[in-house]
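Contents: one structure, followed by commentary.
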Amino acid sequence: MNTYNQLINKQISLSVIGLGYVGLPIALSFAKKIKVIGFDIKKDRIELMQRAIDPSGELEKEEFQNCDILFTYNEKDLSAAGVHIIAVPTPIDTHLLPDLTLLLNATQTVGKVLKKGDIVIYESTVYPGCTEEDCVPLLEKTSGLKFNKDFFVGFSPERINPGDKEHTLATVKKIVSASTEQSLEEIAKIYQIVAKAGTFKTSSIKVAEASKIIENTQRDVNIALMNELSMIFNKMSINTFEVLEAAATKWNFLNFKPGLVGGHCIGVDPYYLTFKAKEYRHYPQIIESGRSINDSMGFYIAKMVVKKIISLGETIKDAKVLVMGATFKENVKDIRNTKVVDIVHELQNYGVKVNISDPYADKEEFENEYHLPLTDRLSNDYLAVIVAVNHQQYATLDESYFQSITKEKAVLFDVKGTYRNKIHQLNYMSL
């Protein structure tokens with residue numbers, strides 16, 4: 001097997017299937033060194049990338065320069081590749097179960113062009129066993145080739161964090177795994193082309209799959225603990241962020257903070273692990289409890305605001321509330337699985353009139369996804385303002401700004417504690 005040398009000498013191409021937040025940075029990084037085929041099923045996205053525009057708004061035009069890459073939505077173009085990296089989303093469905101539709105569709109697409117000697121690498125987050133139990137049989141069926149004889153498979157979990165310019169593909173160690181020892185060596189060498197921090201080889205594909213899924217599950221459980229503590233401290237009239245600030249003076253304190261936990265990783269991945277665990281007749285209590293707490297935080301915040309408005313003697317029906325921030329995290333345009341929507345829906349259930357604003361989110365995309373409008377035109381008579389996402393544009397806002405858009409003695413709910421000790425006239429609340 002000399003796949004690495006063929007890539008370096010540009011005798012074959014490397015394909016990346018799925019050009020979203022994960023796939024596009026991978027494709028462009030490799031394309032500065034080797035020939036790359038960037039494939040996505042969405043024609044409009046491909047046309048943007050052909051003009052050096054990142055549809056996700058993460059990458060600048062300069063990052064498309066000096067890249068040997070073909071952007072395409074034509075499956076036949078993939079036949080020129082000897083290595084295929086699949087980096088499509090793996091969401092959950094309405095029943096909170098793994099939805100492998102995109103992953104299996106991408107697998108079938110690759111299977112149609114698979115040749116003897118090819119390597120298929122999965123980066124999409126899945127439960128342990130998914131690559132070999134769900135994807136490999138489909139590759140064999142679609143291609144007519146034999147696994148580990150005609151083609152080889154690897155798993156290298158993505159670690160790209162939207163909006164994070166420090167922890168990138170180049171600077172974070174890359175976990176690699178493969179179906180054979182020889183293919184593992186090839187895959188490690190291939191990723192070392194772009195992963196300057198090096199690679200970490202695991203003994204099996206399942207270990208690599210599990211390592212990725214517990215990264216986010218660990219964060220989810222720890223944030224859930226902070227969220228539950230915030231509920232307890234709220235009843236005691238203690239500010240949670242002050243408690244955490246004090247506790248963080250101990251050297252081994254884990255500095256997690258309460259908040260909304262949405263997005264396509266932390267808010268989703270634990271469900272993949274719990275799904276697979278139940279197949280083995282283990283019913284994970286801590287993980288599911290953490291998920292339950294974090295999934296409830298949007299509703300909890302809305303109820304706290306409603307109770308406060310009522311306690312001030314105001315009528316809740318038709319009260320006007322502004323929610324600032326709509327994306328799943330700060331300083332990105334990604335709206336996938338944003339828990340801000342839970343706040344809005346719960347407020348609307350009480351008859352509240354809600355306006356939503358966000359400097360990053362695409363208005364048309366947000367309305368299509370959640371059937372909720374975004375606005376740039378704010379009024380001056382809000383009974384409450386909820387700063388739900390800690391965007392950098394909000395960091396410099398002061399109390400006079402919030403007073404300019406609210407009624408006298410209105411409520412300011414500061415989810416992330418950004419304005420702690422800075423608000424004196426409004427009714428200040430936080431987790």
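Labels used: A, B, ... for chains in the order of the structure tokens, numbers from 1 for residues in each chain, and numbers from 1 for ligands as shown.
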Practice item. Just the residues within 10 Å of Ile175 of chain A, please, counting only C-alpha atoms, with nothing from its chain fewer than 6 positions along; format it as a list in words. Key: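 Here the qualifying residues turn out to be Phe155, Ser156, Pro157, Glu158, Arg159, Ala188, Tyr191, Gly198, Thr199, Phe200, Lys201, Thr202, Val207, Ala208, Glu209, Ser211 and Lys212 of chain A.
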With segment 26-31 of chain A as the partner and 10 Å as the cut-off, tabulate the residues of segment 188-255 of chain A that qualify, each row holding the nearest pair of atoms and their distance in Å to one decimal, using only C-alpha atoms, sorted by chain and rising number, as CSV.
residue,atom,partner,partner_atom,distance
A:Ile190,CA,A:Phe30,CA,9.2
A:Tyr191,CA,A:Phe30,CA,8.7
A:Ile193,CA,A:Phe30,CA,7.2
A:Val194,CA,A:Phe30,CA,6.2
A:Ala195,CA,A:Ser29,CA,9.2
Exercise for review: Any chance you could list, as a PyMOL selection string, the residues in segment 70-302 of chain A that come up alpha helix (DSSP H) when DSSP is run on the backbone?
Suggested key: chain A and resi 101-113+130+136-143+181-191+205-235+240-247+269-279+285-295+297-302
Write out the residues from the selection above, keeping C-alpha atoms, as a short mmCIF file (atom, residue, chain, number, x, y, z; two decimals), in the first residue's frame.
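Below is the file selection24.cif, written as the result:
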data_model
loop_
_atom_site.label_atom_id
_atom_site.label_comp_id
_atom_site.auth_asym_id
_atom_site.auth_seq_id
_atom_site.Cartn_x
_atom_site.Cartn_y
_atom_site.Cartn_z
CA THR A 101 -29.46 9.20 7.18
CA LEU A 102 -26.78 11.62 5.96
CA LEU A 103 -23.96 9.31 7.02
CA LEU A 104 -25.41 6.31 5.21
CA ASN A 105 -26.23 8.37 2.12
CA ALA A 106 -22.63 9.61 2.02
CA THR A 107 -21.40 6.04 2.49
CA GLN A 108 -23.50 4.89 -0.44
CA THR A 109 -22.17 7.75 -2.57
CA VAL A 110 -18.58 6.67 -1.86
CA GLY A 111 -19.47 3.02 -2.38
CA LYS A 112 -20.51 3.77 -5.95
CA VAL A 113 -17.01 5.01 -6.88
CA CYS A 130 -21.18 2.30 13.88
CA VAL A 136 -18.78 -1.05 6.14
CA PRO A 137 -21.55 -3.49 5.08
CA LEU A 138 -23.09 -0.71 2.98
CA LEU A 139 -19.72 0.03 1.35
CA GLU A 140 -19.36 -3.66 0.50
CA LYS A 141 -22.91 -3.95 -0.83
CA THR A 142 -22.71 -0.79 -2.97
CA SER A 143 -19.21 -1.36 -4.35
CA GLU A 181 -2.17 -2.23 10.84
CA GLN A 182 -0.97 -1.28 7.37
CA SER A 183 -3.90 1.03 6.67
CA LEU A 184 -3.42 2.62 10.12
CA GLU A 185 0.14 3.59 9.16
CA GLU A 186 -1.07 5.04 5.87
CA ILE A 187 -3.89 7.03 7.51
CA ALA A 188 -1.55 8.39 10.17
CA LYS A 189 0.89 9.58 7.50
CA ILE A 190 -1.95 11.13 5.49
CA TYR A 191 -3.20 13.18 8.44
CA ILE A 205 -11.89 1.91 15.34
CA LYS A 206 -14.27 1.41 18.27
CA VAL A 207 -11.80 3.00 20.68
CA ALA A 208 -11.51 6.05 18.44
CA GLU A 209 -15.29 6.30 18.10
CA ALA A 210 -15.70 6.05 21.88
CA SER A 211 -12.97 8.60 22.59
CA LYS A 212 -14.77 11.24 20.57
CA ILE A 213 -18.18 10.62 22.04
CA ILE A 214 -16.98 10.84 25.65
CA GLU A 215 -15.20 14.16 25.01
CA ASN A 216 -18.55 15.86 24.57
CA THR A 217 -20.42 13.65 27.02
CA GLN A 218 -17.96 14.62 29.76
CA ARG A 219 -18.53 18.31 29.07
CA ASP A 220 -22.28 17.81 28.95
CA VAL A 221 -22.40 16.12 32.36
CA ASN A 222 -20.17 18.75 33.96
CA ILE A 223 -22.22 21.63 32.58
CA ALA A 224 -25.38 19.88 33.77
CA LEU A 225 -23.96 19.85 37.29
CA MET A 226 -23.36 23.61 37.06
CA ASN A 227 -26.89 24.14 35.77
CA GLU A 228 -28.35 22.15 38.64
CA LEU A 229 -26.22 24.09 41.12
CA SER A 230 -27.52 27.33 39.62
CA MET A 231 -31.09 26.17 40.27
CA ILE A 232 -30.22 25.40 43.89
CA PHE A 233 -28.35 28.66 44.44
CA ASN A 234 -31.16 30.67 42.85
CA LYS A 235 -33.53 29.40 45.54
CA THR A 240 -23.78 31.12 40.95
CA PHE A 241 -21.00 32.94 39.10
CA GLU A 242 -19.73 34.41 42.36
CA VAL A 243 -19.68 30.93 43.88
CA LEU A 244 -17.73 29.55 40.91
CA GLU A 245 -15.30 32.46 41.00
CA ALA A 246 -14.52 31.72 44.62
CA ALA A 247 -14.30 27.95 44.14
CA ASP A 269 -23.43 13.21 21.06
CA PRO A 270 -24.51 11.86 24.48
CA TYR A 271 -27.68 10.53 22.87
CA TYR A 272 -25.55 8.39 20.54
CA LEU A 273 -23.76 6.84 23.50
CA THR A 274 -26.92 6.22 25.54
CA PHE A 275 -28.59 4.65 22.49
CA LYS A 276 -25.75 2.16 22.06
CA ALA A 277 -25.47 1.49 25.79
CA LYS A 278 -29.09 0.34 25.92
CA GLU A 279 -28.37 -2.18 23.18
CA GLN A 285 -28.34 7.26 34.64
CA ILE A 286 -25.77 10.04 34.97
CA ILE A 287 -25.55 10.77 31.25
CA GLU A 288 -29.32 10.81 30.75
CA SER A 289 -29.85 12.90 33.88
CA GLY A 290 -27.32 15.44 32.61
CA ARG A 291 -29.01 15.57 29.23
CA SER A 292 -32.40 16.06 30.88
CA ILE A 293 -31.12 19.01 32.93
CA ASN A 294 -29.39 20.68 30.00
CA ASP A 295 -32.35 20.17 27.68
CA MET A 297 -32.56 25.06 30.73
CA GLY A 298 -34.31 27.14 28.08
CA PHE A 299 -37.69 26.45 29.66
CA TYR A 300 -36.25 27.12 33.12
CA ILE A 301 -34.90 30.53 32.09
CA ALA A 302 -38.21 31.53 30.49
#
Exercise for review: Tell me which protein, DNA and RNA residues are within 10 Å of Ala80 of chain A, counting only C-alpha atoms, leaving out same-chain ones fewer than 5 positions away, and put them as a ChimeraX atom specification.
Suggested key: /A:11-15,35-37,113-115
Exercise for review: Using only C-alpha atoms, find the one residue out of A:His264, A:His167, A:His84, A:Lys146 that sits nearest to Lys339 of chain A.
Suggested key: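 Checking each candidate against Lys339 of chain A, we get A:His264 as the closest.
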Practice item. Name the closest residue to Ile17 of chain A among the candidates A:Met1, A:Ile46, A:Val415, A:Val332; distances are taken between atoms, counting only C-alpha atoms. Key: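 Result for the nearest residue to Ile17 of chain A: A:Ile46.
The space between atom CA of Thr338 of chain A and atom CA of Arg377 of chain A spans 22.0 Å.
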Review point. Atom CA of Glu60 of chain A and atom CA of Val268 of chain A are how many Å apart?
Key: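 Interatomic distance here is 28.1 Å.
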Report as CSV the residues of segment 219-266 of chain A within 12 Å of segment 385-398 of chain A, each with its shortest atom pair and distance in Å (one decimal), using only C-alpha atoms, ordered by chain and increasing residue number.
residue,atom,partner,partner_atom,distance
A:Pro258,CA,A:Ala388,CA,12.0
A:Gly259,CA,A:Ala388,CA,8.7
A:Leu260,CA,A:Ala388,CA,8.0
A:Val261,CA,A:Val389,CA,10.9
A:Gly262,CA,A:Val389,CA,11.2
Generate a file of the selected residues that holds N, CA and C atoms, formatted as a PDB file, in the first residue's frame.
ATOM      1  N   PRO A 258     -22.546  27.381  34.142  1.00  0.00           N
ATOM      2  CA  PRO A 258     -23.903  27.050  33.697  1.00  0.00           C
ATOM      3  C   PRO A 258     -24.235  27.754  32.385  1.00  0.00           C
ATOM      4  N   GLY A 259     -25.225  27.242  31.684  1.00  0.00           N
ATOM      5  CA  GLY A 259     -25.635  27.885  30.442  1.00  0.00           C
ATOM      6  C   GLY A 259     -26.479  26.981  29.574  1.00  0.00           C
ATOM      7  N   LEU A 260     -26.789  27.483  28.396  1.00  0.00           N
ATOM      8  CA  LEU A 260     -27.538  26.707  27.406  1.00  0.00           C
ATOM      9  C   LEU A 260     -26.586  25.771  26.686  1.00  0.00           C
ATOM     10  N   VAL A 261     -26.998  24.525  26.503  1.00  0.00           N
ATOM     11  CA  VAL A 261     -26.134  23.532  25.855  1.00  0.00           C
ATOM     12  C   VAL A 261     -26.839  23.007  24.615  1.00  0.00           C
ATOM     13  N   GLY A 262     -26.554  23.654  23.485  1.00  0.00           N
ATOM     14  CA  GLY A 262     -27.158  23.231  22.225  1.00  0.00           C
ATOM     15  C   GLY A 262     -26.083  22.844  21.238  1.00  0.00           C
TER      16      GLY A 262
END
Review point. Hey, what's within 9 Å of Asn161 of chain A if we count only C-alpha atoms and toss same-chain stuff fewer than 6 positions away? As a PyMOL selection string, please?
Key: chain A and resi 21-22+167-168
For those residues, write N, CA and C atoms to a file as a compact mmCIF listing (two decimals), in the first residue's frame.
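So result.txt came out as:
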# COMPACT_ATOMS: atom_id res chain seq x y z
N TYR A 21 -19.07 22.89 8.51
CA TYR A 21 -18.14 23.45 9.49
C TYR A 21 -16.90 22.57 9.66
N VAL A 22 -17.04 21.27 9.47
CA VAL A 22 -15.93 20.34 9.65
C VAL A 22 -15.24 20.06 8.32
N HIS A 167 -7.76 26.43 18.45
CA HIS A 167 -7.74 24.96 18.38
C HIS A 167 -8.24 24.52 17.00
N THR A 168 -7.31 24.31 16.10
CA THR A 168 -7.64 24.03 14.71
C THR A 168 -7.13 22.65 14.31
Practice item. Write out as a list in words the residues lying within 10 Å of Tyr428 of chain A, counting only C-alpha atoms and excluding same-chain residues fewer than 5 positions away. Key: Ala384, Val385, Lys409, Ala410, Val411, Leu412, Phe413, Asp414, Gly417, Tyr419, Arg420, Asn421, Lys422 and Ile423 of chain A
Exercise for review: Could you pull out the residues in segment 177-238 of chain A that DSSP calls strand (DSSP E or B) from the backbone, as a list in words?
Suggested key: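 In segment 177-238 of chain A, DSSP puts these residues in strand (DSSP E or B): Ser177, Ala178, Thr199, Phe200 and Lys201 of chain A.
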Exercise for review: State, in Å with one decimal place, the distance from atom CA of Thr406 of chain A to atom CA of Ile343 of chain A.
Suggested key: 18.9 Å
